[in-house]
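Coordinates from my_file.cif are shown below (mmCIF, N, CA and C atoms).
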```cif
data_work
#
loop_
_atom_site.group_PDB
_atom_site.id
_atom_site.type_symbol
_atom_site.label_atom_id
_atom_site.label_comp_id
_atom_site.auth_asym_id
_atom_site.auth_seq_id
_atom_site.Cartn_x
_atom_site.Cartn_y
_atom_site.Cartn_z
ATOM 1 N N MET R 1 48.795 46.019 -0.131
ATOM 2 C CA MET R 1 50.017 45.881 -0.876
ATOM 3 C C MET R 1 51.192 46.113 0.058
ATOM 4 N N MET R 2 52.269 45.412 -0.214
ATOM 5 C CA MET R 2 53.457 45.549 0.615
ATOM 6 C C MET R 2 54.385 46.579 -0.022
ATOM 7 N N VAL R 3 54.855 47.508 0.804
ATOM 8 C CA VAL R 3 55.780 48.548 0.359
ATOM 9 C C VAL R 3 56.955 48.579 1.317
ATOM 10 N N LEU R 4 58.145 48.656 0.766
ATOM 11 C CA LEU R 4 59.354 48.834 1.557
ATOM 12 C C LEU R 4 59.700 50.317 1.522
ATOM 13 N N ILE R 5 59.869 50.912 2.690
ATOM 14 C CA ILE R 5 60.159 52.342 2.799
ATOM 15 C C ILE R 5 61.530 52.490 3.435
ATOM 16 N N SER R 6 62.398 53.256 2.787
ATOM 17 C CA SER R 6 63.692 53.564 3.388
ATOM 18 C C SER R 6 63.902 55.070 3.341
ATOM 19 N N TYR R 7 64.680 55.559 4.276
ATOM 20 C CA TYR R 7 64.919 56.994 4.317
ATOM 21 C C TYR R 7 66.336 57.275 4.769
ATOM 22 N N ASP R 8 66.819 58.433 4.394
ATOM 23 C CA ASP R 8 68.109 58.938 4.829
ATOM 24 C C ASP R 8 67.897 60.419 5.120
ATOM 25 N N VAL R 9 67.943 60.780 6.383
ATOM 26 C CA VAL R 9 67.703 62.157 6.799
ATOM 27 C C VAL R 9 69.004 62.717 7.356
ATOM 28 N N SER R 10 69.407 63.863 6.842
ATOM 29 C CA SER R 10 70.624 64.522 7.297
ATOM 30 C C SER R 10 70.468 64.952 8.748
ATOM 31 N N THR R 11 71.439 64.593 9.583
ATOM 32 C CA THR R 11 71.365 64.949 11.005
ATOM 33 C C THR R 11 72.484 65.911 11.403
ATOM 34 N N ILE R 12 72.984 66.661 10.448
ATOM 35 C CA ILE R 12 74.040 67.634 10.734
ATOM 36 C C ILE R 12 73.511 68.757 11.627
ATOM 37 N N SER R 13 72.289 69.176 11.373
ATOM 38 C CA SER R 13 71.681 70.271 12.152
ATOM 39 C C SER R 13 70.655 69.708 13.131
ATOM 40 N N ASN R 14 70.274 70.537 14.092
ATOM 41 C CA ASN R 14 69.230 70.143 15.042
ATOM 42 C C ASN R 14 67.902 69.928 14.338
ATOM 43 N N SER R 15 67.618 70.738 13.307
ATOM 44 C CA SER R 15 66.359 70.555 12.578
ATOM 45 C C SER R 15 66.363 69.211 11.847
ATOM 46 N N GLY R 16 67.516 68.770 11.384
ATOM 47 C CA GLY R 16 67.616 67.459 10.743
ATOM 48 C C GLY R 16 67.355 66.338 11.727
ATOM 49 N N LYS R 17 67.873 66.474 12.938
ATOM 50 C CA LYS R 17 67.640 65.461 13.974
ATOM 51 C C LYS R 17 66.155 65.389 14.306
ATOM 52 N N THR R 18 65.499 66.545 14.335
ATOM 53 C CA THR R 18 64.060 66.583 14.584
ATOM 54 C C THR R 18 63.304 65.907 13.444
ATOM 55 N N ARG R 19 63.694 66.201 12.197
ATOM 56 C CA ARG R 19 63.048 65.562 11.037
ATOM 57 C C ARG R 19 63.224 64.048 11.092
ATOM 58 N N LEU R 20 64.418 63.596 11.456
ATOM 59 C CA LEU R 20 64.682 62.155 11.539
ATOM 60 C C LEU R 20 63.735 61.498 12.533
ATOM 61 N N ARG R 21 63.577 62.081 13.706
ATOM 62 C CA ARG R 21 62.666 61.508 14.710
ATOM 63 C C ARG R 21 61.234 61.479 14.210
ATOM 64 N N LYS R 22 60.811 62.549 13.525
ATOM 65 C CA LYS R 22 59.435 62.600 13.020
ATOM 66 C C LYS R 22 59.195 61.580 11.917
ATOM 67 N N VAL R 23 60.160 61.421 11.017
ATOM 68 C CA VAL R 23 60.029 60.429 9.943
ATOM 69 C C VAL R 23 59.980 59.029 10.545
ATOM 70 N N ALA R 24 60.878 58.743 11.480
ATOM 71 C CA ALA R 24 60.903 57.417 12.114
ATOM 72 C C ALA R 24 59.595 57.139 12.847
ATOM 73 N N ARG R 25 59.080 58.118 13.565
ATOM 74 C CA ARG R 25 57.830 57.942 14.313
ATOM 75 C C ARG R 25 56.658 57.687 13.364
ATOM 76 N N GLU R 26 56.609 58.446 12.279
ATOM 77 C CA GLU R 26 55.520 58.262 11.308
ATOM 78 C C GLU R 26 55.579 56.864 10.705
ATOM 79 N N CYS R 27 56.774 56.418 10.370
ATOM 80 C CA CYS R 27 56.917 55.056 9.828
ATOM 81 C C CYS R 27 56.514 54.011 10.865
ATOM 82 N N GLN R 28 56.940 54.184 12.113
ATOM 83 C CA GLN R 28 56.602 53.223 13.170
ATOM 84 C C GLN R 28 55.104 53.142 13.401
ATOM 85 N N ASN R 29 54.387 54.223 13.154
ATOM 86 C CA ASN R 29 52.944 54.230 13.345
ATOM 87 C C ASN R 29 52.197 53.420 12.291
ATOM 88 N N HIS R 30 52.840 53.151 11.156
ATOM 89 C CA HIS R 30 52.146 52.506 10.043
ATOM 90 C C HIS R 30 52.859 51.292 9.465
ATOM 91 N N ALA R 31 54.056 51.005 9.940
ATOM 92 C CA ALA R 31 54.848 49.946 9.321
ATOM 93 C C ALA R 31 55.704 49.249 10.370
ATOM 94 N N GLN R 32 56.324 48.168 9.957
ATOM 95 C CA GLN R 32 57.201 47.386 10.828
ATOM 96 C C GLN R 32 58.648 47.704 10.487
ATOM 97 N N ARG R 33 59.426 48.131 11.498
ATOM 98 C CA ARG R 33 60.845 48.397 11.273
ATOM 99 C C ARG R 33 61.560 47.065 11.056
ATOM 100 N N VAL R 34 62.326 46.976 9.965
ATOM 101 C CA VAL R 34 63.095 45.768 9.700
ATOM 102 C C VAL R 34 64.592 46.039 9.764
ATOM 103 N N GLN R 35 64.997 47.284 9.627
ATOM 104 C CA GLN R 35 66.356 47.743 9.867
ATOM 105 C C GLN R 35 66.263 49.192 10.311
ATOM 106 N N ASN R 36 67.388 49.804 10.684
ATOM 107 C CA ASN R 36 67.338 51.144 11.277
ATOM 108 C C ASN R 36 66.495 52.134 10.491
ATOM 109 N N SER R 37 66.696 52.248 9.216
ATOM 110 C CA SER R 37 65.954 53.221 8.409
ATOM 111 C C SER R 37 65.128 52.552 7.320
ATOM 112 N N VAL R 38 64.692 51.324 7.595
ATOM 113 C CA VAL R 38 63.932 50.551 6.610
ATOM 114 C C VAL R 38 62.695 49.972 7.278
ATOM 115 N N PHE R 39 61.549 50.172 6.630
ATOM 116 C CA PHE R 39 60.273 49.689 7.164
ATOM 117 C C PHE R 39 59.513 48.931 6.092
ATOM 118 N N GLU R 40 58.755 47.920 6.509
ATOM 119 C CA GLU R 40 57.831 47.210 5.629
ATOM 120 C C GLU R 40 56.418 47.611 6.031
ATOM 121 N N ALA R 41 55.638 48.032 5.048
ATOM 122 C CA ALA R 41 54.264 48.456 5.315
ATOM 123 C C ALA R 41 53.312 47.637 4.455
ATOM 124 N N ASP R 42 52.367 46.985 5.087
ATOM 125 C CA ASP R 42 51.329 46.237 4.379
ATOM 126 C C ASP R 42 50.046 47.063 4.503
ATOM 127 N N LEU R 43 49.806 47.911 3.499
ATOM 128 C CA LEU R 43 48.714 48.886 3.556
ATOM 129 C C LEU R 43 47.855 48.816 2.300
ATOM 130 N N ASP R 44 46.617 49.254 2.422
ATOM 131 C CA ASP R 44 45.834 49.435 1.210
ATOM 132 C C ASP R 44 46.360 50.699 0.518
ATOM 133 N N TYR R 45 46.028 50.863 -0.744
ATOM 134 C CA TYR R 45 46.613 51.933 -1.550
ATOM 135 C C TYR R 45 46.315 53.317 -0.991
ATOM 136 N N SER R 46 45.118 53.534 -0.520
ATOM 137 C CA SER R 46 44.724 54.828 0.034
ATOM 138 C C SER R 46 45.560 55.168 1.277
ATOM 139 N N SER R 47 45.711 54.206 2.173
ATOM 140 C CA SER R 47 46.510 54.426 3.382
ATOM 141 C C SER R 47 47.966 54.689 3.032
ATOM 142 N N PHE R 48 48.473 53.970 2.035
ATOM 143 C CA PHE R 48 49.845 54.193 1.620
ATOM 144 C C PHE R 48 50.034 55.610 1.084
ATOM 145 N N LEU R 49 49.106 56.080 0.255
ATOM 146 C CA LEU R 49 49.229 57.427 -0.301
ATOM 147 C C LEU R 49 49.227 58.487 0.802
ATOM 148 N N LYS R 50 48.420 58.286 1.834
ATOM 149 C CA LYS R 50 48.393 59.219 2.959
ATOM 150 C C LYS R 50 49.725 59.213 3.699
ATOM 151 N N LEU R 51 50.274 58.020 3.941
ATOM 152 C CA LEU R 51 51.562 57.907 4.608
ATOM 153 C C LEU R 51 52.660 58.557 3.767
ATOM 154 N N LYS R 52 52.661 58.276 2.483
ATOM 155 C CA LYS R 52 53.664 58.847 1.589
ATOM 156 C C LYS R 52 53.592 60.371 1.607
ATOM 157 N N ASP R 53 52.401 60.912 1.569
ATOM 158 C CA ASP R 53 52.218 62.361 1.602
ATOM 159 C C ASP R 53 52.762 62.952 2.902
ATOM 160 N N ARG R 54 52.451 62.322 4.040
ATOM 161 C CA ARG R 54 52.943 62.817 5.330
ATOM 162 C C ARG R 54 54.470 62.780 5.381
ATOM 163 N N LEU R 55 55.062 61.675 4.894
ATOM 164 C CA LEU R 55 56.521 61.563 4.907
ATOM 165 C C LEU R 55 57.170 62.610 4.004
ATOM 166 N N CYS R 56 56.594 62.812 2.834
ATOM 167 C CA CYS R 56 57.149 63.810 1.899
ATOM 168 C C CYS R 56 57.100 65.216 2.481
ATOM 169 N N LYS R 57 56.092 65.482 3.297
ATOM 170 C CA LYS R 57 55.976 66.797 3.923
ATOM 171 C C LYS R 57 56.950 66.964 5.088
ATOM 172 N N LEU R 58 57.422 65.870 5.671
ATOM 173 C CA LEU R 58 58.335 65.939 6.810
ATOM 174 C C LEU R 58 59.789 66.177 6.404
ATOM 175 N N ILE R 59 60.189 65.672 5.250
ATOM 176 C CA ILE R 59 61.603 65.754 4.876
ATOM 177 C C ILE R 59 61.934 67.079 4.191
ATOM 178 N N ASN R 60 63.217 67.353 4.123
ATOM 179 C CA ASN R 60 63.741 68.456 3.329
ATOM 180 C C ASN R 60 64.363 67.811 2.091
ATOM 181 N N PRO R 61 63.719 67.906 0.929
ATOM 182 C CA PRO R 61 64.212 67.184 -0.252
ATOM 183 C C PRO R 61 65.589 67.635 -0.733
ATOM 184 N N LYS R 62 66.088 68.767 -0.235
ATOM 185 C CA LYS R 62 67.437 69.213 -0.597
ATOM 186 C C LYS R 62 68.514 68.538 0.250
ATOM 187 N N GLU R 63 68.104 67.931 1.382
ATOM 188 C CA GLU R 63 69.054 67.302 2.297
ATOM 189 C C GLU R 63 68.746 65.837 2.581
ATOM 190 N N ASP R 64 67.506 65.416 2.421
ATOM 191 C CA ASP R 64 67.055 64.087 2.831
ATOM 192 C C ASP R 64 66.549 63.309 1.622
ATOM 193 N N SER R 65 66.341 62.013 1.812
ATOM 194 C CA SER R 65 65.748 61.216 0.736
ATOM 195 C C SER R 65 64.822 60.145 1.298
ATOM 196 N N LEU R 66 63.829 59.818 0.505
ATOM 197 C CA LEU R 66 62.894 58.727 0.772
ATOM 198 C C LEU R 66 62.917 57.799 -0.428
ATOM 199 N N ARG R 67 62.793 56.501 -0.173
ATOM 200 C CA ARG R 67 62.683 55.531 -1.261
ATOM 201 C C ARG R 67 61.522 54.599 -0.935
ATOM 202 N N PHE R 68 60.703 54.331 -1.946
ATOM 203 C CA PHE R 68 59.559 53.437 -1.811
ATOM 204 C C PHE R 68 59.724 52.305 -2.814
ATOM 205 N N TYR R 69 59.707 51.071 -2.341
ATOM 206 C CA TYR R 69 59.794 49.894 -3.199
ATOM 207 C C TYR R 69 58.445 49.188 -3.132
ATOM 208 N N TYR R 70 57.785 49.113 -4.248
ATOM 209 C CA TYR R 70 56.450 48.529 -4.313
ATOM 210 C C TYR R 70 56.564 47.027 -4.564
ATOM 211 N N LEU R 71 56.280 46.235 -3.531
ATOM 212 C CA LEU R 71 56.394 44.788 -3.638
ATOM 213 C C LEU R 71 55.077 44.135 -4.010
ATOM 214 N N GLY R 72 53.993 44.878 -3.937
ATOM 215 C CA GLY R 72 52.702 44.370 -4.373
ATOM 216 C C GLY R 72 52.067 43.384 -3.417
ATOM 217 N N ASN R 73 51.147 42.594 -3.960
ATOM 218 C CA ASN R 73 50.392 41.653 -3.147
ATOM 219 C C ASN R 73 51.048 40.287 -3.026
ATOM 220 N N ASN R 74 51.932 39.940 -3.922
ATOM 221 C CA ASN R 74 52.641 38.655 -3.854
ATOM 222 C C ASN R 74 54.026 38.849 -3.254
ATOM 223 N N TRP R 75 54.093 39.648 -2.225
ATOM 224 C CA TRP R 75 55.361 40.037 -1.630
ATOM 225 C C TRP R 75 56.114 38.872 -0.993
ATOM 226 N N GLU R 76 55.420 37.822 -0.549
ATOM 227 C CA GLU R 76 56.086 36.703 0.126
ATOM 228 C C GLU R 76 57.165 36.085 -0.739
ATOM 229 N N LYS R 77 56.970 36.085 -2.049
ATOM 230 C CA LYS R 77 57.933 35.491 -2.971
ATOM 231 C C LYS R 77 59.067 36.453 -3.313
ATOM 232 N N LYS R 78 58.972 37.698 -2.854
ATOM 233 C CA LYS R 78 59.956 38.713 -3.207
ATOM 234 C C LYS R 78 60.875 39.084 -2.048
ATOM 235 N N ILE R 79 60.641 38.516 -0.870
ATOM 236 C CA ILE R 79 61.445 38.837 0.306
ATOM 237 C C ILE R 79 62.127 37.571 0.801
ATOM 238 N N GLU R 80 63.412 37.658 0.980
ATOM 239 C CA GLU R 80 64.177 36.562 1.577
ATOM 240 C C GLU R 80 64.929 37.135 2.765
ATOM 241 N N HIS R 81 64.811 36.510 3.909
ATOM 242 C CA HIS R 81 65.469 36.999 5.126
ATOM 243 C C HIS R 81 66.523 35.998 5.570
ATOM 244 N N ILE R 82 67.706 36.508 5.834
ATOM 245 C CA ILE R 82 68.803 35.693 6.357
ATOM 246 C C ILE R 82 69.447 36.485 7.477
ATOM 247 N N GLY R 83 69.660 35.872 8.603
ATOM 248 C CA GLY R 83 70.376 36.568 9.662
ATOM 249 C C GLY R 83 69.667 36.579 10.991
ATOM 250 N N VAL R 84 70.170 37.421 11.856
ATOM 251 C CA VAL R 84 69.853 37.386 13.264
ATOM 252 C C VAL R 84 68.431 37.819 13.618
ATOM 253 N N LYS R 85 67.931 38.866 13.014
ATOM 254 C CA LYS R 85 66.586 39.321 13.375
ATOM 255 C C LYS R 85 65.549 38.349 12.842
ATOM 256 N N GLU R 86 64.614 38.007 13.712
ATOM 257 C CA GLU R 86 63.535 37.122 13.271
ATOM 258 C C GLU R 86 62.623 37.871 12.321
ATOM 259 N N THR R 87 62.111 37.167 11.331
ATOM 260 C CA THR R 87 61.143 37.764 10.428
ATOM 261 C C THR R 87 59.780 37.771 11.115
ATOM 262 N N TYR R 88 58.824 38.405 10.529
ATOM 263 C CA TYR R 88 57.493 38.486 11.118
ATOM 264 C C TYR R 88 56.463 38.320 10.009
ATOM 265 N N ASN R 89 55.243 38.031 10.394
ATOM 266 C CA ASN R 89 54.152 37.906 9.450
ATOM 267 C C ASN R 89 53.262 39.137 9.590
ATOM 268 N N PRO R 90 53.301 40.074 8.619
ATOM 269 C CA PRO R 90 52.514 41.288 8.758
ATOM 270 C C PRO R 90 51.010 41.045 8.728
ATOM 271 N N GLU R 91 50.608 39.886 8.271
ATOM 272 C CA GLU R 91 49.184 39.556 8.255
ATOM 273 C C GLU R 91 48.777 38.735 9.474
ATOM 274 N N GLY R 92 49.729 38.457 10.361
ATOM 275 C CA GLY R 92 49.463 37.673 11.557
ATOM 276 C C GLY R 92 48.918 38.529 12.688
ATOM 277 N N VAL R 93 48.825 37.942 13.865
ATOM 278 C CA VAL R 93 48.318 38.605 15.046
ATOM 279 C C VAL R 93 49.401 39.507 15.625
ATOM 280 N N ILE R 94 49.017 40.735 15.982
ATOM 281 C CA ILE R 94 49.946 41.674 16.599
ATOM 282 C C ILE R 94 49.576 41.799 18.070
ATOM 283 N N ILE R 95 50.534 41.540 18.935
ATOM 284 C CA ILE R 95 50.319 41.650 20.383
ATOM 285 C C ILE R 95 51.135 42.830 20.874
ATOM 286 N N ILE R 96 50.442 43.760 21.523
ATOM 287 C CA ILE R 96 51.117 44.975 22.012
ATOM 288 C C ILE R 96 51.156 44.964 23.510
#
```

Translate the structure described by the file into structure tokens.
Amino acid sequence: MMVLISYDVSTISNSGKTRLRKVARECQNHAQRVQNSVFEADLDYSSFLKLKDRLCKLINPKEDSLRFYYLGNNWEKKIEHIGVKETYNPEGVIII
């Protein structure tokens, strides 16, 4: 299933800056960055729940926020891209 993950982490304090780096790294390990604080993740439900749990444990809910948009399995019809960054196929070949 495709999930859009966005976050806003307060960076006023050094601990906030650390949380921001950890949240970004965790997202990068499991999803494709499409904007600065926005990631698309094509995961099975179990993997998504694990990622969500890890992210929830990283943030401070009194200062930070996470948003999850569930696009489901027919996500291709729900995403429209316009602009400079090229889109990608999450089901395609990944070359590292």

*Would you please give, as a VMD selection string, all residues of segment 17-61 of chain R that DSSP assigns to helix (DSSP H, G or I) based on the backbone?*
chain R and resid 17 to 30 45 to 58

*asked:* Excluding segment 36-51 of chain R and its own-chain neighbours fewer than 2 positions away, which residues fall within 7 Å of it when counting only N, CA and C atoms? Please give them as a list in words.
replied: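 So, after excluding close chain neighbours, the residues are Met1, Met2, Val3, Leu4, Ile5, Ser6, Tyr7, Asp8, Cys27, His30, Ala31, Gln32, Arg33, Val34, Asp53, Arg54, Leu55, Cys56 and Pro90 of chain R.
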
_So, with all atoms listed in the file as the atoms that count, which of R:Ala24, R:Ile79, R:Ser10, R:Asn73 lies closest to Asn60 of chain R?_
R:Ser10

*asked:* Please report the interatomic distance between atom C of Ile59 of chain R and atom CA of Asn14 of chain R in Å with one decimal.
replied: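 Calculated distance between atom C of Ile59 of chain R and atom CA of Asn14 of chain R is 13.4 Å.
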
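Coordinates place atom N of Lys52 of chain R at a distance of 12.5 Å from atom CA of Gln28 of chain R.
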
*Can you work out which one of R:Ser15, R:Glu26, R:Val9, R:Val84 has the shortest atom-to-atom distance to Asp64 of chain R, counting all atoms listed in the file?*
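Among the listed residues, the smallest separation from Asp64 of chain R belongs to R:Val9.
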